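Dropping target13.cif in here (mmCIF, C-alpha atoms):
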data_model
#
loop_
_atom_site.label_atom_id
_atom_site.label_comp_id
_atom_site.auth_asym_id
_atom_site.auth_seq_id
_atom_site.Cartn_x
_atom_site.Cartn_y
_atom_site.Cartn_z
CA MET W 1 -79.96 24.52 -117.63
CA THR W 2 -81.21 21.13 -116.53
CA ASP W 3 -84.21 19.86 -118.47
CA TYR W 4 -86.71 20.39 -115.68
CA ALA W 5 -89.66 19.28 -117.79
CA ALA W 6 -88.15 15.85 -118.49
CA LYS W 7 -87.04 15.51 -114.87
CA ALA W 8 -90.55 16.33 -113.59
CA GLN W 9 -92.15 13.85 -116.00
CA ALA W 10 -89.69 11.14 -114.96
CA LEU W 11 -90.55 11.73 -111.30
CA PHE W 12 -94.25 11.39 -112.12
CA HIS W 13 -93.56 8.06 -113.81
CA GLU W 14 -91.70 6.96 -110.66
CA GLY W 15 -94.95 7.43 -108.73
CA TYR W 16 -94.74 10.94 -107.31
CA ASN W 17 -97.92 12.97 -107.64
CA CYS W 18 -98.20 15.88 -110.08
CA SER W 19 -97.32 18.55 -107.53
CA GLN W 20 -94.42 16.62 -106.05
CA SER W 21 -93.06 15.90 -109.52
CA VAL W 22 -92.78 19.57 -110.44
CA LEU W 23 -91.53 20.81 -107.06
CA LEU W 24 -88.99 18.00 -106.68
CA ALA W 25 -87.60 18.65 -110.16
CA PHE W 26 -86.41 22.03 -108.87
CA THR W 27 -84.84 20.96 -105.57
CA ASP W 28 -81.43 21.90 -106.95
CA ARG W 29 -82.62 25.53 -106.79
CA LEU W 30 -84.91 25.49 -103.76
CA PRO W 31 -84.04 26.47 -100.20
CA MET W 32 -85.22 23.10 -98.86
CA ASP W 33 -84.25 19.47 -98.98
CA TRP W 34 -85.89 16.71 -101.03
CA GLU W 35 -87.97 15.23 -98.21
CA THR W 36 -89.32 18.62 -97.11
CA ALA W 37 -90.25 19.46 -100.71
CA ALA W 38 -91.94 16.06 -101.14
CA ARG W 39 -93.93 16.47 -97.95
CA LEU W 40 -94.86 20.10 -98.65
CA SER W 41 -96.26 19.26 -102.07
CA ALA W 42 -97.84 15.91 -101.10
CA SER W 43 -101.26 17.41 -100.33
CA PHE W 44 -101.58 19.17 -103.69
CA GLY W 45 -101.68 16.09 -105.94
CA GLY W 46 -104.90 15.36 -107.80
CA GLY W 47 -105.99 18.97 -107.61
CA MET W 48 -105.44 19.15 -103.84
CA GLY W 49 -105.92 15.70 -102.34
CA ARG W 50 -107.96 14.45 -105.30
CA LEU W 51 -110.52 17.23 -104.80
CA ARG W 52 -109.87 17.94 -108.50
CA GLU W 53 -109.48 21.67 -107.96
CA VAL W 54 -106.33 23.55 -109.14
CA CYS W 55 -103.95 21.15 -110.89
CA GLY W 56 -101.13 20.07 -108.59
CA ALA W 57 -98.52 20.88 -111.23
CA VAL W 58 -99.85 24.45 -111.33
CA SER W 59 -99.81 24.64 -107.53
CA ALA W 60 -96.15 23.55 -107.61
CA MET W 61 -95.35 26.33 -110.10
CA PHE W 62 -96.81 28.79 -107.59
CA MET W 63 -94.82 27.25 -104.72
CA ILE W 64 -91.60 27.57 -106.70
CA ALA W 65 -92.42 31.17 -107.65
CA GLY W 66 -93.04 32.00 -104.00
CA LEU W 67 -89.96 30.25 -102.69
CA LEU W 68 -87.63 31.82 -105.25
CA ARG W 69 -89.29 35.13 -106.19
CA GLY W 70 -91.93 35.71 -103.52
CA TYR W 71 -92.30 38.49 -100.97
CA SER W 72 -92.02 38.21 -97.20
CA ASP W 73 -92.83 41.69 -95.89
CA PRO W 74 -96.56 42.05 -95.18
CA ALA W 75 -96.11 45.83 -95.11
CA ASP W 76 -95.06 45.89 -98.79
CA PRO W 77 -98.29 45.90 -100.82
CA GLN W 78 -96.39 46.63 -104.03
CA ALA W 79 -94.32 43.44 -103.66
CA LYS W 80 -97.48 41.47 -102.90
CA ALA W 81 -99.25 42.86 -105.95
CA GLU W 82 -96.24 42.17 -108.18
CA HIS W 83 -96.05 38.60 -106.94
CA TYR W 84 -99.75 38.02 -107.57
CA ARG W 85 -99.29 39.46 -111.06
CA ARG W 86 -96.56 36.89 -111.68
CA VAL W 87 -98.72 34.05 -110.33
CA GLN W 88 -101.54 35.09 -112.64
CA ALA W 89 -99.13 35.21 -115.58
CA LEU W 90 -97.94 31.68 -114.77
CA ALA W 91 -101.56 30.48 -114.63
CA ALA W 92 -102.29 32.21 -117.94
CA ALA W 93 -99.31 30.50 -119.59
CA PHE W 94 -100.53 27.10 -118.39
CA ARG W 95 -104.13 27.88 -119.37
CA GLU W 96 -102.92 28.89 -122.85
CA ARG W 97 -101.46 25.42 -123.33
CA HIS W 98 -104.19 23.36 -121.65
CA GLY W 99 -107.35 25.50 -121.64
CA THR W 100 -107.76 25.39 -117.86
CA ILE W 101 -105.87 25.11 -114.59
CA LEU W 102 -108.52 22.89 -112.97
CA CYS W 103 -107.66 19.22 -112.53
CA ARG W 104 -111.23 17.98 -113.11
CA GLU W 105 -111.45 19.87 -116.40
CA LEU W 106 -108.04 18.63 -117.52
CA LEU W 107 -109.21 15.08 -116.82
CA GLY W 108 -112.71 15.56 -118.22
CA LEU W 109 -114.36 14.73 -114.90
CA ALA W 110 -117.66 15.93 -113.42
CA GLU W 111 -117.76 18.47 -110.61
CA GLY W 112 -116.80 17.50 -107.10
CA PRO W 113 -114.05 15.57 -105.35
CA ASP W 114 -112.82 12.21 -106.54
CA HIS W 115 -112.42 9.20 -104.27
CA TYR W 116 -109.46 9.69 -101.95
CA VAL W 117 -107.72 6.45 -102.98
CA PRO W 118 -105.29 7.11 -105.85
CA ALA W 119 -105.58 4.99 -108.99
CA ALA W 120 -102.96 2.33 -109.58
CA ARG W 121 -100.09 3.55 -111.74
CA THR W 122 -100.28 1.29 -114.76
CA GLU W 123 -99.43 1.77 -118.43
CA ALA W 124 -103.11 2.45 -119.08
CA TYR W 125 -103.17 5.09 -116.31
CA TYR W 126 -100.29 7.00 -117.88
CA ALA W 127 -101.61 6.56 -121.44
CA GLN W 128 -105.12 7.89 -120.80
CA ARG W 129 -104.25 10.97 -118.73
CA PRO W 130 -102.86 14.35 -119.76
CA CYS W 131 -100.95 14.58 -116.48
CA SER W 132 -97.48 13.94 -117.85
CA ALA W 133 -97.89 16.69 -120.47
CA CYS W 134 -99.31 19.06 -117.83
CA ILE W 135 -96.38 18.33 -115.53
CA GLY W 136 -93.83 18.86 -118.30
CA ASN W 137 -95.44 22.11 -119.38
CA ALA W 138 -95.71 23.42 -115.81
CA ALA W 139 -92.01 22.69 -115.25
CA ALA W 140 -91.07 24.36 -118.55
CA ILE W 141 -93.19 27.43 -117.75
CA ILE W 142 -91.71 27.94 -114.28
CA ALA W 143 -88.17 27.27 -115.58
CA ALA W 144 -88.62 29.98 -118.22
CA PHE W 145 -90.05 32.34 -115.60
CA LEU W 146 -87.03 31.79 -113.35
CA GLU W 147 -84.66 32.48 -116.22
CA GLU W 148 -86.53 35.67 -117.16
CA THR W 149 -86.54 36.95 -113.57
CA ALA W 150 -82.99 35.90 -112.64
#
Transcribe the structure of this file into structure tokens.
Amino acid sequence: MTDYAAKAQALFHEGYNCSQSVLLAFTDRLPMDWETAARLSASFGGGMGRLREVCGAVSAMFMIAGLLRGYSDPADPQAKAEHYRRVQALAAAFRERHGTILCRELLGLAEGPDHYVPAARTEAYYAQRPCSACIGNAAAIIAAFLEETA
């Protein structure tokens, strides 16, 4: 298996946001092309457009789970419940490693949205944030999930 964690982290260091980095790392398995995946996940960076809500890497795990193991029949409540169980298990695995799934808590920020302009990607930016570790762990968690549910 490709090292999805390293691929996702490399994409983050190229400038993709957290959500894009995780989703794009899995494009070899997804039923969509690179540009569609990049656009789909673009809004989820920074905890959803820098609102600092659910971590974008976590949101990407959920997108991947839905695209590859989700349900599509609204008349199948059992499939819906099973999928939500899986999503909650993915969140729990991330929370176990990082203590939270909320971007603001991961970054140690106060409540509320952040300014909409992203910070410049500098060495200091990468060094002071836990984002790369969060992205790598999210990619590893969803990769393991996909292997377990293959």
Near Pro31 of chain W, within 10 Å and counting only C-alpha atoms, which residues show up once chain neighbours fewer than 5 positions away are dropped, as a list of chain:residue names?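 Non-adjacent residues within range: W:Thr36, W:Ala37, W:Leu67, W:Leu68.
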Residues matched by the PyMOL selection byres ((chain W and resi 115-131) around 8), written as an NGL selection string: :W and (13 or 15 or 18 or 49-50 or 106-107 or 113-114 or 132-135)
Tell me which residues the PyMOL selection byres ((chain W and resi 137) around 10) grabs here, as an MDAnalysis selection string. chainID W and resid 4:6 8:9 22 57:58 93:94 97:98 131:136 138:143
Spatial neighbours of Arg86 of chain W, 10 Å, all atoms listed in the file, chain gap at least 5 places, as a list in words: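 Counting only the stated atoms, we get Phe62, Ala65, Gly66, Arg69, Gly70, Lys80, Ala81, Ala91, Ala92 and Phe145 of chain W.
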Which of these, W:Lys7, W:Ala89, W:Leu23, W:Pro74, has the shortest distance to Gly45 of chain W once you count all atoms listed in the file? W:Leu23
I'd like the residues picked by the PyMOL selection byres ((chain W and resi 55) around 6) written out as a ChimeraX atom specification, using the chain letters and numbers from the file. /W:47,54,56-58,101-103
Exercise: Leu40 of chain W partners within 10 Å, only C-alpha atoms, chain neighbours under 5 positions left out, as a list in words: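 Surrounding residues, per the criterion: Ser19, Gln20, Leu23, Trp34, Glu35, Ala60 and Met63 of chain W.
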Atom CA of Ala110 of chain W to atom CA of Arg52 of chain W, distance in Å rounded to a single decimal: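 Going from atom CA of Ala110 of chain W over to atom CA of Arg52 of chain W, I get 9.4 Å.
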How far is it from atom CA of Ala25 of chain W to atom CA of Glu96 of chain W, in Å with one decimal? 22.4 Å
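Here atom CA of Leu24 of chain W stands at a distance of 8.7 Å from atom CA of Ser41 of chain W.
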Restricting the calculation to only C-alpha atoms, which member of W:Glu53, W:Asp76, W:Glu82, W:Glu148 is positioned closest to Arg104 of chain W? W:Glu53
Could you write out as JSON the box around segment 124-131 of chain W (axis-aligned, all atoms listed in the file, 5 Å on each side), with centre and edge lengths in Å to one decimal?
{"center_x": -102.7, "center_y": 8.5, "center_z": -118.9, "size_x": 14.8, "size_y": 22.1, "size_z": 15.1}
Could you rebuild segment 62-73 of chain W with all heavy atoms and give me the result as a PDB file, in the frame of the given file?
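Generated output (out-v5.pdb):
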ATOM      1  N   PHE W  62     -96.601  27.671-108.511  1.00  0.00           N
ATOM      2  CA  PHE W  62     -96.810  28.790-107.590  1.00  0.00           C
ATOM      3  C   PHE W  62     -95.908  28.674-106.371  1.00  0.00           C
ATOM      4  O   PHE W  62     -95.379  29.673-105.890  1.00  0.00           O
ATOM      5  CB  PHE W  62     -98.273  28.859-107.164  1.00  0.00           C
ATOM      6  CG  PHE W  62     -99.269  29.080-108.274  1.00  0.00           C
ATOM      7  CD1 PHE W  62    -100.606  28.821-108.061  1.00  0.00           C
ATOM      8  CD2 PHE W  62     -98.889  29.528-109.538  1.00  0.00           C
ATOM      9  CE1 PHE W  62    -101.550  29.020-109.056  1.00  0.00           C
ATOM     10  CE2 PHE W  62     -99.828  29.724-110.553  1.00  0.00           C
ATOM     11  CZ  PHE W  62    -101.157  29.475-110.309  1.00  0.00           C
ATOM     12  N   MET W  63     -95.723  27.448-105.863  1.00  0.00           N
ATOM     13  CA  MET W  63     -94.820  27.250-104.720  1.00  0.00           C
ATOM     14  C   MET W  63     -93.398  27.656-105.082  1.00  0.00           C
ATOM     15  O   MET W  63     -92.719  28.340-104.306  1.00  0.00           O
ATOM     16  CB  MET W  63     -94.837  25.784-104.276  1.00  0.00           C
ATOM     17  CG  MET W  63     -96.062  25.373-103.516  1.00  0.00           C
ATOM     18  SD  MET W  63     -95.897  23.662-102.935  1.00  0.00           S
ATOM     19  CE  MET W  63     -97.233  22.898-103.837  1.00  0.00           C
ATOM     20  N   ILE W  64     -92.954  27.243-106.249  1.00  0.00           N
ATOM     21  CA  ILE W  64     -91.600  27.570-106.700  1.00  0.00           C
ATOM     22  C   ILE W  64     -91.455  29.089-106.867  1.00  0.00           C
ATOM     23  O   ILE W  64     -90.468  29.678-106.433  1.00  0.00           O
ATOM     24  CB  ILE W  64     -91.256  26.832-108.000  1.00  0.00           C
ATOM     25  CG1 ILE W  64     -91.196  25.321-107.732  1.00  0.00           C
ATOM     26  CG2 ILE W  64     -89.938  27.331-108.592  1.00  0.00           C
ATOM     27  CD1 ILE W  64     -91.246  24.463-108.990  1.00  0.00           C
ATOM     28  N   ALA W  65     -92.450  29.717-107.471  1.00  0.00           N
ATOM     29  CA  ALA W  65     -92.420  31.170-107.650  1.00  0.00           C
ATOM     30  C   ALA W  65     -92.325  31.872-106.292  1.00  0.00           C
ATOM     31  O   ALA W  65     -91.571  32.834-106.125  1.00  0.00           O
ATOM     32  CB  ALA W  65     -93.647  31.651-108.417  1.00  0.00           C
ATOM     33  N   GLY W  66     -93.080  31.392-105.329  1.00  0.00           N
ATOM     34  CA  GLY W  66     -93.040  32.000-104.000  1.00  0.00           C
ATOM     35  C   GLY W  66     -91.723  31.771-103.288  1.00  0.00           C
ATOM     36  O   GLY W  66     -91.167  32.696-102.685  1.00  0.00           O
ATOM     37  N   LEU W  67     -91.218  30.550-103.367  1.00  0.00           N
ATOM     38  CA  LEU W  67     -89.960  30.250-102.690  1.00  0.00           C
ATOM     39  C   LEU W  67     -88.783  31.023-103.278  1.00  0.00           C
ATOM     40  O   LEU W  67     -87.885  31.451-102.555  1.00  0.00           O
ATOM     41  CB  LEU W  67     -89.675  28.747-102.764  1.00  0.00           C
ATOM     42  CG  LEU W  67     -90.510  27.872-101.837  1.00  0.00           C
ATOM     43  CD1 LEU W  67     -90.414  26.410-102.264  1.00  0.00           C
ATOM     44  CD2 LEU W  67     -90.047  28.055-100.389  1.00  0.00           C
ATOM     45  N   LEU W  68     -88.790  31.209-104.599  1.00  0.00           N
ATOM     46  CA  LEU W  68     -87.630  31.820-105.250  1.00  0.00           C
ATOM     47  C   LEU W  68     -87.817  33.285-105.644  1.00  0.00           C
ATOM     48  O   LEU W  68     -86.831  33.993-105.823  1.00  0.00           O
ATOM     49  CB  LEU W  68     -87.242  30.995-106.486  1.00  0.00           C
ATOM     50  CG  LEU W  68     -86.812  29.554-106.173  1.00  0.00           C
ATOM     51  CD1 LEU W  68     -86.498  28.809-107.451  1.00  0.00           C
ATOM     52  CD2 LEU W  68     -85.626  29.533-105.215  1.00  0.00           C
ATOM     53  N   ARG W  69     -89.068  33.740-105.778  1.00  0.00           N
ATOM     54  CA  ARG W  69     -89.290  35.130-106.190  1.00  0.00           C
ATOM     55  C   ARG W  69     -90.398  35.808-105.390  1.00  0.00           C
ATOM     56  O   ARG W  69     -90.871  36.868-105.774  1.00  0.00           O
ATOM     57  CB  ARG W  69     -89.651  35.206-107.680  1.00  0.00           C
ATOM     58  CG  ARG W  69     -88.629  34.617-108.637  1.00  0.00           C
ATOM     59  CD  ARG W  69     -87.373  35.478-108.726  1.00  0.00           C
ATOM     60  NE  ARG W  69     -86.506  35.018-109.793  1.00  0.00           N
ATOM     61  CZ  ARG W  69     -85.577  34.072-109.656  1.00  0.00           C
ATOM     62  NH1 ARG W  69     -85.401  33.481-108.496  1.00  0.00           N
ATOM     63  NH2 ARG W  69     -84.837  33.704-110.688  1.00  0.00           N
ATOM     64  N   GLY W  70     -90.820  35.187-104.298  1.00  0.00           N
ATOM     65  CA  GLY W  70     -91.930  35.710-103.520  1.00  0.00           C
ATOM     66  C   GLY W  70     -91.538  36.883-102.623  1.00  0.00           C
ATOM     67  O   GLY W  70     -90.382  37.292-102.570  1.00  0.00           O
ATOM     68  N   TYR W  71     -92.510  37.391-101.912  1.00  0.00           N
ATOM     69  CA  TYR W  71     -92.300  38.490-100.970  1.00  0.00           C
ATOM     70  C   TYR W  71     -92.443  37.945 -99.553  1.00  0.00           C
ATOM     71  O   TYR W  71     -93.050  36.900 -99.333  1.00  0.00           O
ATOM     72  CB  TYR W  71     -93.306  39.623-101.216  1.00  0.00           C
ATOM     73  CG  TYR W  71     -94.712  39.250-100.846  1.00  0.00           C
ATOM     74  CD1 TYR W  71     -95.225  39.574 -99.593  1.00  0.00           C
ATOM     75  CD2 TYR W  71     -95.522  38.544-101.720  1.00  0.00           C
ATOM     76  CE1 TYR W  71     -96.508  39.210 -99.235  1.00  0.00           C
ATOM     77  CE2 TYR W  71     -96.803  38.172-101.375  1.00  0.00           C
ATOM     78  CZ  TYR W  71     -97.294  38.509-100.122  1.00  0.00           C
ATOM     79  OH  TYR W  71     -98.560  38.133 -99.769  1.00  0.00           O
ATOM     80  N   SER W  72     -91.894  38.652 -98.588  1.00  0.00           N
ATOM     81  CA  SER W  72     -92.020  38.210 -97.200  1.00  0.00           C
ATOM     82  C   SER W  72     -92.418  39.336 -96.250  1.00  0.00           C
ATOM     83  O   SER W  72     -92.674  39.081 -95.082  1.00  0.00           O
ATOM     84  CB  SER W  72     -90.704  37.579 -96.724  1.00  0.00           C
ATOM     85  OG  SER W  72     -89.652  38.516 -96.828  1.00  0.00           O
ATOM     86  N   ASP W  73     -92.486  40.552 -96.736  1.00  0.00           N
ATOM     87  CA  ASP W  73     -92.830  41.690 -95.890  1.00  0.00           C
ATOM     88  C   ASP W  73     -94.303  42.031 -96.065  1.00  0.00           C
ATOM     89  O   ASP W  73     -94.712  42.529 -97.114  1.00  0.00           O
ATOM     90  CB  ASP W  73     -91.957  42.893 -96.282  1.00  0.00           C
ATOM     91  CG  ASP W  73     -92.202  44.128 -95.432  1.00  0.00           C
ATOM     92  OD1 ASP W  73     -93.126  44.103 -94.582  1.00  0.00           O
ATOM     93  OD2 ASP W  73     -91.493  45.123 -95.622  1.00  0.00           O
TER      94      ASP W  73
END
